Amino acid sequence: MGVIYWNRMKHDVKVKLLNEQHQKLFKVLKELYDAMENKSDKKALKNIIDNLFLYVKEHLETEEALLEKYNYPELEEQKEQHKAFVNKINEFKQEFEKNSFMLYFDMAIFLKTWIANHIEEIDRKYADFLNNNNIF
Ligand SMILES: [Fe+2]
Ligand SMILES: [Fe+2]
């Protein structure tokens, strides 16, 4: 199971800012893989978890605000999935504090699943909707 990279064919949501924010999540995933390979210490993992909280604050909130502004019909689905993401990141933080051995692995699986199921499927559904509202 390897790292995955942002790819226009698969991950483009046709809005520059949101694509840039999504790319940051891929960067966090890469950091996680690097940390796993280098058997990095707690500090590296702490940094990755902090970056995930930053992603929540920066991206999930921007996305929801934008979709809300234009009355996106599937906003509820977005919000529910975002909430589940936040809950999971909180869980990882708790596991981190307990020094969980499997944490790197679990986080990598979770982020890759999120990218495939959320960014690739659910987020891409709003691309044309936002473009039709002149958001690019
Ligand atoms: Fe989303
Ligand atoms: Fe997103």
# chains A, B, ... in the order shown; residues from 1 in each chain; ligands from 1
call {"tool": "residues_near_ligand", "arguments": {"ligand": "ligand 1", "cutoff": "12 Å", "atoms": "only C-alpha atoms and all ligand atoms", "output": "PDB file with C-alpha atoms, in the first residue's frame"}}
result
ATOM      1  CA  HIS A  11      -9.464  14.539  -8.055  1.00  0.00           C
ATOM      2  CA  VAL A  13     -13.204  19.655  -8.369  1.00  0.00           C
ATOM      3  CA  LEU A  18     -10.587  23.885  -3.211  1.00  0.00           C
ATOM      4  CA  ASN A  19      -8.151  21.931  -5.385  1.00  0.00           C
ATOM      5  CA  GLN A  21      -6.702  22.797  -0.239  1.00  0.00           C
ATOM      6  CA  HIS A  22      -7.262  19.173  -1.268  1.00  0.00           C
ATOM      7  CA  LEU A  25      -4.292  16.640   2.350  1.00  0.00           C
ATOM      8  CA  TYR A  55      -7.088  20.944   7.127  1.00  0.00           C
ATOM      9  CA  VAL A  56     -10.424  20.636   8.905  1.00  0.00           C
ATOM     10  CA  GLU A  58      -9.202  25.582   6.577  1.00  0.00           C
ATOM     11  CA  HIS A  59     -10.736  23.301   3.995  1.00  0.00           C
ATOM     12  CA  LEU A  60     -13.869  21.663   5.373  1.00  0.00           C
ATOM     13  CA  GLU A  61     -15.173  24.986   6.617  1.00  0.00           C
ATOM     14  CA  THR A  62     -14.386  26.798   3.350  1.00  0.00           C
ATOM     15  CA  GLU A  63     -16.087  24.088   1.341  1.00  0.00           C
ATOM     16  CA  GLU A  64     -19.219  24.072   3.491  1.00  0.00           C
ATOM     17  CA  ALA A  65     -19.485  27.870   3.509  1.00  0.00           C
ATOM     18  CA  LEU A  66     -19.199  28.017  -0.274  1.00  0.00           C
ATOM     19  CA  LEU A  67     -21.738  25.263  -0.852  1.00  0.00           C
ATOM     20  CA  GLU A  74     -26.361  17.895  -1.339  1.00  0.00           C
ATOM     21  CA  LEU A  75     -24.877  20.027   1.420  1.00  0.00           C
ATOM     22  CA  GLU A  76     -26.202  17.768   4.187  1.00  0.00           C
ATOM     23  CA  GLU A  77     -24.312  14.769   2.850  1.00  0.00           C
ATOM     24  CA  GLN A  78     -21.151  16.890   2.757  1.00  0.00           C
ATOM     25  CA  LYS A  79     -21.665  18.082   6.313  1.00  0.00           C
ATOM     26  CA  GLU A  80     -22.319  14.590   7.643  1.00  0.00           C
ATOM     27  CA  GLN A  81     -19.186  13.194   6.044  1.00  0.00           C
ATOM     28  CA  HIS A  82     -17.103  16.139   7.185  1.00  0.00           C
ATOM     29  CA  LYS A  83     -18.350  15.591  10.726  1.00  0.00           C
ATOM     30  CA  ALA A  84     -17.338  11.927  10.548  1.00  0.00           C
ATOM     31  CA  PHE A  85     -13.887  13.050   9.358  1.00  0.00           C
ATOM     32  CA  VAL A  86     -13.508  15.416  12.316  1.00  0.00           C
ATOM     33  CA  TRP A 114     -11.294   9.385   2.496  1.00  0.00           C
ATOM     34  CA  ILE A 115      -9.595  10.556  -0.682  1.00  0.00           C
ATOM     35  CA  ALA A 116     -11.198   7.766  -2.728  1.00  0.00           C
ATOM     36  CA  ASN A 117     -14.691   7.980  -1.220  1.00  0.00           C
ATOM     37  CA  HIS A 118     -15.020  11.637  -0.358  1.00  0.00           C
ATOM     38  CA  ILE A 119     -12.795  13.794  -2.576  1.00  0.00           C
ATOM     39  CA  GLU A 120     -13.067  11.535  -5.609  1.00  0.00           C
ATOM     40  CA  GLU A 121     -16.802  10.887  -5.335  1.00  0.00           C
ATOM     41  CA  ILE A 122     -18.695  13.291  -3.097  1.00  0.00           C
ATOM     42  CA  ASP A 123     -16.625  16.454  -3.627  1.00  0.00           C
ATOM     43  CA  ARG A 124     -16.436  16.049  -7.382  1.00  0.00           C
ATOM     44  CA  LYS A 125     -20.220  16.121  -7.506  1.00  0.00           C
ATOM     45  CA  TYR A 126     -20.227  19.855  -6.684  1.00  0.00           C
ATOM     46  CA  ALA A 127     -17.707  20.814  -9.399  1.00  0.00           C
TER      47      ALA A 127
END
call {"tool": "select_by_dssp", "arguments": {"residues": "range 5-109 of chain A", "states": "helix (DSSP H, G or I)", "output": "MDAnalysis selection string"}}
result
chainID A and resid 8:11 16:37 42:69 75:97 103:109
call {"tool": "atom_distance", "arguments": {"atom1": "CA of Tyr5 in chain A", "atom2": "CA of Glu20 in chain A"}}
result
12.8 Å
call {"tool": "closest_residue", "arguments": {"among": "A:Val3, A:Ile89, A:Ala108, A:Leu103", "to": "Asp50 in chain A", "atoms": "only C-alpha atoms"}}
result
A:Ile89
call {"tool": "residues_around", "arguments": {"residues": "Ile135 in chain A", "least_positions_apart": "4", "cutoff": "7 Å", "atoms": "only C-alpha atoms", "output": "list in words"}}
result
Val15, Leu130 and Asn131 of chain A
call {"tool": "write_last_selection", "arguments": {"atoms": "N, CA and C atoms", "output": "mmCIF file, in the first residue's frame"}}
result
data_model
loop_
_atom_site.group_PDB
_atom_site.id
_atom_site.type_symbol
_atom_site.label_atom_id
_atom_site.label_comp_id
_atom_site.auth_asym_id
_atom_site.auth_seq_id
_atom_site.Cartn_x
_atom_site.Cartn_y
_atom_site.Cartn_z
ATOM 1 N N VAL A 15 -12.489 23.922 -8.971
ATOM 2 C CA VAL A 15 -12.413 25.199 -8.250
ATOM 3 C C VAL A 15 -10.998 25.296 -7.690
ATOM 4 N N LEU A 130 -20.773 24.414 -8.784
ATOM 5 C CA LEU A 130 -20.084 25.668 -8.439
ATOM 6 C C LEU A 130 -19.677 26.432 -9.694
ATOM 7 N N ASN A 131 -19.205 25.731 -10.703
ATOM 8 C CA ASN A 131 -18.848 26.382 -11.970
ATOM 9 C C ASN A 131 -20.071 27.117 -12.556
#
call {"tool": "atom_distance", "arguments": {"atom1": "CA of Lys42 in chain A", "atom2": "CA of Lys27 in chain A"}}
result
18.6 Å
call {"tool": "closest_residue", "arguments": {"among": "A:Asp12, A:Glu31, A:Glu68, A:Glu37", "to": "Ile49 in chain A", "atoms": "only C-alpha atoms"}}
result
A:Glu31
call {"tool": "closest_residue", "arguments": {"among": "A:Leu52, A:Thr113, A:Gly2, A:Leu45", "to": "Lys24 in chain A", "atoms": "only C-alpha atoms"}}
result
A:Leu52
call {"tool": "closest_residue", "arguments": {"among": "A:Ala35, A:Ile4, A:Met107, A:Leu17", "to": "ligand 2", "atoms": "only C-alpha atoms and all ligand atoms"}}
result
A:Leu17
call {"tool": "closest_residue", "arguments": {"among": "A:Leu29, A:Asn51, A:Asn134, A:Asn38", "to": "Phe110 in chain A", "atoms": "only C-alpha atoms"}}
result
A:Leu29
call {"tool": "closest_residue", "arguments": {"among": "A:Lys46, A:Lys88, A:Lys57, A:Lys69", "to": "ligand 2", "atoms": "only C-alpha atoms and all ligand atoms"}}
result
A:Lys57
call {"tool": "decode", "arguments": {"residues": "range 20-34 of chain A", "atoms": "N, CA and C atoms", "output": "PDB file, in the first residue's frame"}}
result
ATOM      1  N   GLU A  20      -6.493  23.378  -4.382  1.00  0.00           N
ATOM      2  CA  GLU A  20      -5.255  23.650  -3.633  1.00  0.00           C
ATOM      3  C   GLU A  20      -5.353  23.126  -2.207  1.00  0.00           C
ATOM      4  N   GLN A  21      -6.518  23.299  -1.612  1.00  0.00           N
ATOM      5  CA  GLN A  21      -6.702  22.797  -0.239  1.00  0.00           C
ATOM      6  C   GLN A  21      -6.660  21.273  -0.222  1.00  0.00           C
ATOM      7  N   HIS A  22      -7.311  20.644  -1.207  1.00  0.00           N
ATOM      8  CA  HIS A  22      -7.262  19.173  -1.268  1.00  0.00           C
ATOM      9  C   HIS A  22      -5.821  18.683  -1.408  1.00  0.00           C
ATOM     10  N   GLN A  23      -5.042  19.420  -2.206  1.00  0.00           N
ATOM     11  CA  GLN A  23      -3.645  19.002  -2.412  1.00  0.00           C
ATOM     12  C   GLN A  23      -2.873  18.980  -1.096  1.00  0.00           C
ATOM     13  N   LYS A  24      -3.289  19.831  -0.163  1.00  0.00           N
ATOM     14  CA  LYS A  24      -2.627  19.821   1.149  1.00  0.00           C
ATOM     15  C   LYS A  24      -2.865  18.506   1.888  1.00  0.00           C
ATOM     16  N   LEU A  25      -4.025  17.927   1.689  1.00  0.00           N
ATOM     17  CA  LEU A  25      -4.292  16.640   2.350  1.00  0.00           C
ATOM     18  C   LEU A  25      -3.393  15.544   1.768  1.00  0.00           C
ATOM     19  N   PHE A  26      -3.165  15.617   0.466  1.00  0.00           N
ATOM     20  CA  PHE A  26      -2.241  14.655  -0.158  1.00  0.00           C
ATOM     21  C   PHE A  26      -0.833  14.849   0.404  1.00  0.00           C
ATOM     22  N   LYS A  27      -0.513  16.094   0.694  1.00  0.00           N
ATOM     23  CA  LYS A  27       0.799  16.392   1.263  1.00  0.00           C
ATOM     24  C   LYS A  27       0.926  15.780   2.666  1.00  0.00           C
ATOM     25  N   VAL A  28      -0.150  15.879   3.436  1.00  0.00           N
ATOM     26  CA  VAL A  28      -0.140  15.281   4.774  1.00  0.00           C
ATOM     27  C   VAL A  28       0.031  13.763   4.656  1.00  0.00           C
ATOM     28  N   LEU A  29      -0.658  13.174   3.676  1.00  0.00           N
ATOM     29  CA  LEU A  29      -0.529  11.728   3.478  1.00  0.00           C
ATOM     30  C   LEU A  29       0.925  11.357   3.156  1.00  0.00           C
ATOM     31  N   LYS A  30       1.547  12.162   2.310  1.00  0.00           N
ATOM     32  CA  LYS A  30       2.958  11.923   1.964  1.00  0.00           C
ATOM     33  C   LYS A  30       3.854  12.036   3.211  1.00  0.00           C
ATOM     34  N   GLU A  31       3.578  13.038   4.026  1.00  0.00           N
ATOM     35  CA  GLU A  31       4.336  13.207   5.282  1.00  0.00           C
ATOM     36  C   GLU A  31       4.187  11.981   6.170  1.00  0.00           C
ATOM     37  N   LEU A  32       2.982  11.441   6.170  1.00  0.00           N
ATOM     38  CA  LEU A  32       2.713  10.261   6.987  1.00  0.00           C
ATOM     39  C   LEU A  32       3.539   9.067   6.492  1.00  0.00           C
ATOM     40  N   TYR A  33       3.577   8.891   5.174  1.00  0.00           N
ATOM     41  CA  TYR A  33       4.382   7.796   4.613  1.00  0.00           C
ATOM     42  C   TYR A  33       5.859   7.983   4.887  1.00  0.00           C
ATOM     43  N   ASP A  34       6.327   9.228   4.731  1.00  0.00           N
ATOM     44  CA  ASP A  34       7.739   9.502   5.014  1.00  0.00           C
ATOM     45  C   ASP A  34       8.041   9.185   6.473  1.00  0.00           C
TER      46      ASP A  34
END
